[in-house]
Amino acid sequence: MADGSLAPAWDGVWDADGEGAFMIGGRCGACGGLALGLRPICPHCHKDGTLAAEAVGRRGRLYSATVIHQAPPGFEAPYRVGYVDIGEGLRVFAHIQAEAENGVPAPGPGDEVVLRIVAVKTDPDGTARSGPFYAAVEGTAK
Ligand SMILES: [Zn+2]
């Protein structure tokens, strides 16, 4: 994660490096296929143990989004979620920027977005948990 101070809401889904946040993809050494996340078996060729981690999803295009008004425990409504196309046929479900930030309007369908890892939920004991959040890229909103 970006600052290392937040526990992830889910393990092994995202990380960060000097270039920023990324989703963890799995590239198959046998067929070259790419999947979201590391899995024991390649979902393309079904070979065992052929996936190697690859950074994906630093940027993408918002496919669709909606606002959640009735939140499950640990989430604070309202918040926006949606699907982001991150290339190579991969589509990520994530939190999406809901309002203008620093003069950059919230992204709409087709707009370019950039991944950040931010606090998205709170455990019953008060521990904040991080998750993927896609925000508009300045100058690309329609
Ligand atoms: Zn494969």
# chains A, B, ... in the order shown; residues from 1 in each chain; ligands from 1

$ residues_near_ligand --ligand "ligand 1" --cutoff "6 Å" --atoms "only C-alpha atoms and all ligand atoms" --output "JSON, numbers by chain"
{"A": [28, 30, 31, 32, 33, 42, 44, 45, 47]}

$ write_last_selection --atoms "N, CA and C atoms" --output "compact mmCIF listing (two decimals), in the first residue's frame"
# COMPACT_ATOMS: atom_id res chain seq x y z
N CYS A 28 0.83 -15.84 -16.87
CA CYS A 28 1.14 -17.26 -17.06
C CYS A 28 2.41 -17.42 -17.89
N ALA A 30 3.28 -20.18 -19.23
CA ALA A 30 3.05 -21.18 -20.27
C ALA A 30 2.31 -20.59 -21.47
N CYS A 31 1.21 -19.87 -21.21
CA CYS A 31 0.39 -19.37 -22.33
C CYS A 31 0.43 -17.86 -22.47
N GLY A 32 1.00 -17.14 -21.50
CA GLY A 32 1.09 -15.69 -21.59
C GLY A 32 -0.17 -14.98 -21.12
N GLY A 33 -1.20 -15.71 -20.73
CA GLY A 33 -2.45 -15.11 -20.27
C GLY A 33 -2.26 -14.34 -18.97
N CYS A 42 -3.65 -21.49 -13.83
CA CYS A 42 -3.93 -20.47 -14.84
C CYS A 42 -5.37 -20.62 -15.33
N HIS A 44 -6.57 -19.52 -17.99
CA HIS A 44 -6.61 -19.58 -19.46
C HIS A 44 -6.24 -20.98 -19.98
N CYS A 45 -5.11 -21.53 -19.51
CA CYS A 45 -4.64 -22.82 -20.04
C CYS A 45 -4.74 -23.95 -19.00
N LYS A 47 -2.91 -24.77 -16.56
CA LYS A 47 -1.68 -25.38 -16.06
C LYS A 47 -1.47 -24.94 -14.62

$ residues_around --residues "range 14-21 of chain A" --least-positions-apart "3" --cutoff "10 Å" --atoms "only C-alpha atoms" --output "ChimeraX atom specification"
/A:1-4,8,10-11,24-25,37,55-59,114-117,130-133

$ atom_distance --atom1 "CA of Thr66 in chain A" --atom2 "CA of Glu99 in chain A"
12.5 Å

$ closest_residue --among "A:Gly103, A:Gly126, A:Gly110, A:Pro43" --to "Gly74 in chain A" --atoms "only C-alpha atoms"
A:Gly126

$ closest_atom_pairs --of "range 28-52 of chain A" --to "range 86-97 of chain A" --cutoff "10 Å" --atoms "only C-alpha atoms" --output "CSV"
residue,atom,partner,partner_atom,distance
A:Gly33,CA,A:Glu88,CA,9.0
A:Leu34,CA,A:Glu88,CA,7.4
A:Ala35,CA,A:Leu90,CA,7.2
A:Leu36,CA,A:Leu90,CA,6.9

$ write_last_selection --atoms "N, CA and C atoms" --output "CSV table (one decimal), in the first residue's frame"
chain,number,residue,atom,x,y,z
A,33,GLY,N,-1.2,-15.7,-20.7
A,33,GLY,CA,-2.4,-15.1,-20.3
A,33,GLY,C,-2.3,-14.3,-19.0
A,34,LEU,N,-3.1,-13.4,-18.8
A,34,LEU,CA,-3.1,-12.5,-17.6
A,34,LEU,C,-4.4,-12.7,-16.8
A,35,ALA,N,-4.3,-12.8,-15.5
A,35,ALA,CA,-5.4,-12.9,-14.6
A,35,ALA,C,-5.3,-11.9,-13.5
A,36,LEU,N,-6.4,-11.5,-12.9
A,36,LEU,CA,-6.3,-10.6,-11.7
A,36,LEU,C,-6.0,-11.5,-10.5

$ residues_around --residues "His69 in chain A" --least-positions-apart "6" --cutoff "12 Å" --atoms "only C-alpha atoms" --output "PyMOL selection string"
chain A and resi 75-81

$ closest_residue --among "A:Leu51, A:Ala135, A:Val84, A:Val118" --to "Val104 in chain A" --atoms "only C-alpha atoms"
A:Ala135

$ closest_residue --among "A:Asp111, A:Asp85, A:Pro73, A:Ala100" --to "Pro124 in chain A" --atoms "only C-alpha atoms"
A:Pro73

$ atom_distance --atom1 "CA of Lys121 in chain A" --atom2 "CA of Ile68 in chain A"
13.4 Å

$ select_by_dssp --residues "range 17-87 of chain A" --states "strand (DSSP E)" --output "mmCIF file with N, CA and C atoms, in the first residue's frame"
data_model
loop_
_atom_site.group_PDB
_atom_site.id
_atom_site.type_symbol
_atom_site.label_atom_id
_atom_site.label_comp_id
_atom_site.auth_asym_id
_atom_site.auth_seq_id
_atom_site.Cartn_x
_atom_site.Cartn_y
_atom_site.Cartn_z
ATOM 1 N N ASP A 17 4.663 0.495 -5.156
ATOM 2 C CA ASP A 17 6.107 0.629 -5.295
ATOM 3 C C ASP A 17 6.405 2.104 -5.554
ATOM 4 N N GLY A 20 3.840 4.037 -7.451
ATOM 5 C CA GLY A 20 2.498 4.168 -6.901
ATOM 6 C C GLY A 20 1.823 2.827 -6.726
ATOM 7 N N ALA A 21 0.494 2.892 -6.543
ATOM 8 C CA ALA A 21 -0.289 1.693 -6.252
ATOM 9 C C ALA A 21 -0.540 0.885 -7.523
ATOM 10 N N PHE A 22 -0.669 -0.441 -7.342
ATOM 11 C CA PHE A 22 -1.024 -1.313 -8.455
ATOM 12 C C PHE A 22 -1.820 -2.494 -7.930
ATOM 13 N N MET A 23 -2.592 -3.103 -8.819
ATOM 14 C CA MET A 23 -3.273 -4.351 -8.529
ATOM 15 C C MET A 23 -2.290 -5.479 -8.852
ATOM 16 N N ILE A 24 -2.408 -6.591 -8.137
ATOM 17 C CA ILE A 24 -1.514 -7.718 -8.375
ATOM 18 C C ILE A 24 -2.149 -8.651 -9.407
ATOM 19 N N GLY A 25 -1.492 -8.737 -10.552
ATOM 20 C CA GLY A 25 -1.933 -9.636 -11.599
ATOM 21 C C GLY A 25 -1.075 -10.882 -11.599
ATOM 22 N N GLY A 26 -1.535 -11.905 -12.311
ATOM 23 C CA GLY A 26 -0.765 -13.132 -12.465
ATOM 24 C C GLY A 26 -0.573 -13.430 -13.943
ATOM 25 N N ARG A 27 0.684 -13.401 -14.410
ATOM 26 C CA ARG A 27 0.992 -13.674 -15.820
ATOM 27 C C ARG A 27 1.445 -15.128 -15.949
ATOM 28 N N CYS A 28 0.833 -15.843 -16.872
ATOM 29 C CA CYS A 28 1.141 -17.259 -17.063
ATOM 30 C C CYS A 28 2.411 -17.424 -17.894
ATOM 31 N N LEU A 34 -3.133 -13.374 -18.770
ATOM 32 C CA LEU A 34 -3.064 -12.547 -17.568
ATOM 33 C C LEU A 34 -4.374 -12.662 -16.806
ATOM 34 N N ALA A 35 -4.272 -12.819 -15.497
ATOM 35 C CA ALA A 35 -5.443 -12.885 -14.622
ATOM 36 C C ALA A 35 -5.278 -11.867 -13.512
ATOM 37 N N LEU A 36 -6.368 -11.494 -12.878
ATOM 38 C CA LEU A 36 -6.291 -10.613 -11.725
ATOM 39 C C LEU A 36 -6.016 -11.477 -10.508
ATOM 40 N N LEU A 51 1.701 -19.107 -12.863
ATOM 41 C CA LEU A 51 1.465 -17.665 -12.767
ATOM 42 C C LEU A 51 2.552 -16.980 -11.941
ATOM 43 N N ALA A 52 3.030 -15.861 -12.449
ATOM 44 C CA ALA A 52 4.004 -15.024 -11.747
ATOM 45 C C ALA A 52 3.402 -13.638 -11.573
ATOM 46 N N ALA A 53 3.666 -13.008 -10.436
ATOM 47 C CA ALA A 53 3.078 -11.700 -10.121
ATOM 48 C C ALA A 53 3.513 -10.646 -11.127
ATOM 49 N N GLU A 54 2.570 -9.786 -11.483
ATOM 50 C CA GLU A 54 2.827 -8.671 -12.406
ATOM 51 C C GLU A 54 1.973 -7.488 -11.963
ATOM 52 N N ALA A 55 2.565 -6.305 -11.923
ATOM 53 C CA ALA A 55 1.826 -5.094 -11.554
ATOM 54 C C ALA A 55 0.883 -4.712 -12.686
ATOM 55 N N VAL A 56 -0.396 -4.561 -12.378
ATOM 56 C CA VAL A 56 -1.401 -4.156 -13.370
ATOM 57 C C VAL A 56 -2.308 -3.109 -12.726
ATOM 58 N N ARG A 59 -3.526 2.438 -13.890
ATOM 59 C CA ARG A 59 -4.512 3.328 -14.499
ATOM 60 C C ARG A 59 -5.521 2.483 -15.248
ATOM 61 N N GLY A 60 -6.644 3.075 -15.568
ATOM 62 C CA GLY A 60 -7.654 2.379 -16.335
ATOM 63 C C GLY A 60 -8.702 3.360 -16.805
ATOM 64 N N ARG A 61 -9.804 2.803 -17.322
ATOM 65 C CA ARG A 61 -10.928 3.636 -17.747
ATOM 66 C C ARG A 61 -12.163 3.166 -17.012
ATOM 67 N N LEU A 62 -12.884 4.120 -16.447
ATOM 68 C CA LEU A 62 -14.096 3.769 -15.713
ATOM 69 C C LEU A 62 -15.123 3.206 -16.678
ATOM 70 N N TYR A 63 -15.614 2.008 -16.371
ATOM 71 C CA TYR A 63 -16.641 1.375 -17.203
ATOM 72 C C TYR A 63 -18.020 1.803 -16.722
ATOM 73 N N SER A 64 -18.265 1.677 -15.428
ATOM 74 C CA SER A 64 -19.572 2.004 -14.860
ATOM 75 C C SER A 64 -19.422 2.194 -13.365
ATOM 76 N N ALA A 65 -20.305 2.995 -12.768
ATOM 77 C CA ALA A 65 -20.228 3.220 -11.325
ATOM 78 C C ALA A 65 -21.606 3.515 -10.770
ATOM 79 N N THR A 66 -21.754 3.311 -9.472
ATOM 80 C CA THR A 66 -23.007 3.616 -8.792
ATOM 81 C C THR A 66 -22.692 4.076 -7.374
ATOM 82 N N VAL A 67 -23.679 4.661 -6.717
ATOM 83 C CA VAL A 67 -23.509 5.128 -5.342
ATOM 84 C C VAL A 67 -24.227 4.160 -4.404
ATOM 85 N N ILE A 68 -23.502 3.733 -3.367
ATOM 86 C CA ILE A 68 -24.068 2.843 -2.353
ATOM 87 C C ILE A 68 -24.646 3.711 -1.234
ATOM 88 N N TYR A 79 -21.121 5.989 -0.563
ATOM 89 C CA TYR A 79 -19.833 5.900 -1.253
ATOM 90 C C TYR A 79 -20.087 5.334 -2.638
ATOM 91 N N ARG A 80 -19.098 5.518 -3.498
ATOM 92 C CA ARG A 80 -19.262 5.139 -4.903
ATOM 93 C C ARG A 80 -18.380 3.942 -5.212
ATOM 94 N N VAL A 81 -18.911 2.996 -5.937
ATOM 95 C CA VAL A 81 -18.153 1.828 -6.396
ATOM 96 C C VAL A 81 -18.386 1.666 -7.898
ATOM 97 N N GLY A 82 -17.521 0.926 -8.536
ATOM 98 C CA GLY A 82 -17.710 0.700 -9.960
ATOM 99 C C GLY A 82 -16.684 -0.253 -10.522
ATOM 100 N N TYR A 83 -16.784 -0.433 -11.823
ATOM 101 C CA TYR A 83 -15.864 -1.292 -12.560
ATOM 102 C C TYR A 83 -14.924 -0.424 -13.388
ATOM 103 N N VAL A 84 -13.643 -0.797 -13.352
ATOM 104 C CA VAL A 84 -12.614 -0.092 -14.109
ATOM 105 C C VAL A 84 -11.936 -1.087 -15.041
ATOM 106 N N ASP A 85 -11.903 -0.758 -16.323
ATOM 107 C CA ASP A 85 -11.171 -1.570 -17.296
ATOM 108 C C ASP A 85 -9.705 -1.193 -17.200
ATOM 109 N N ILE A 86 -8.860 -2.198 -16.864
ATOM 110 C CA ILE A 86 -7.441 -1.901 -16.654
ATOM 111 C C ILE A 86 -6.565 -2.475 -17.760
ATOM 112 N N GLY A 87 -7.174 -2.896 -18.841
ATOM 113 C CA GLY A 87 -6.385 -3.380 -19.973
ATOM 114 C C GLY A 87 -6.312 -4.885 -20.004
#

$ atom_distance --atom1 "CA of Arg129 in chain A" --atom2 "CA of Pro109 in chain A"
27.0 Å
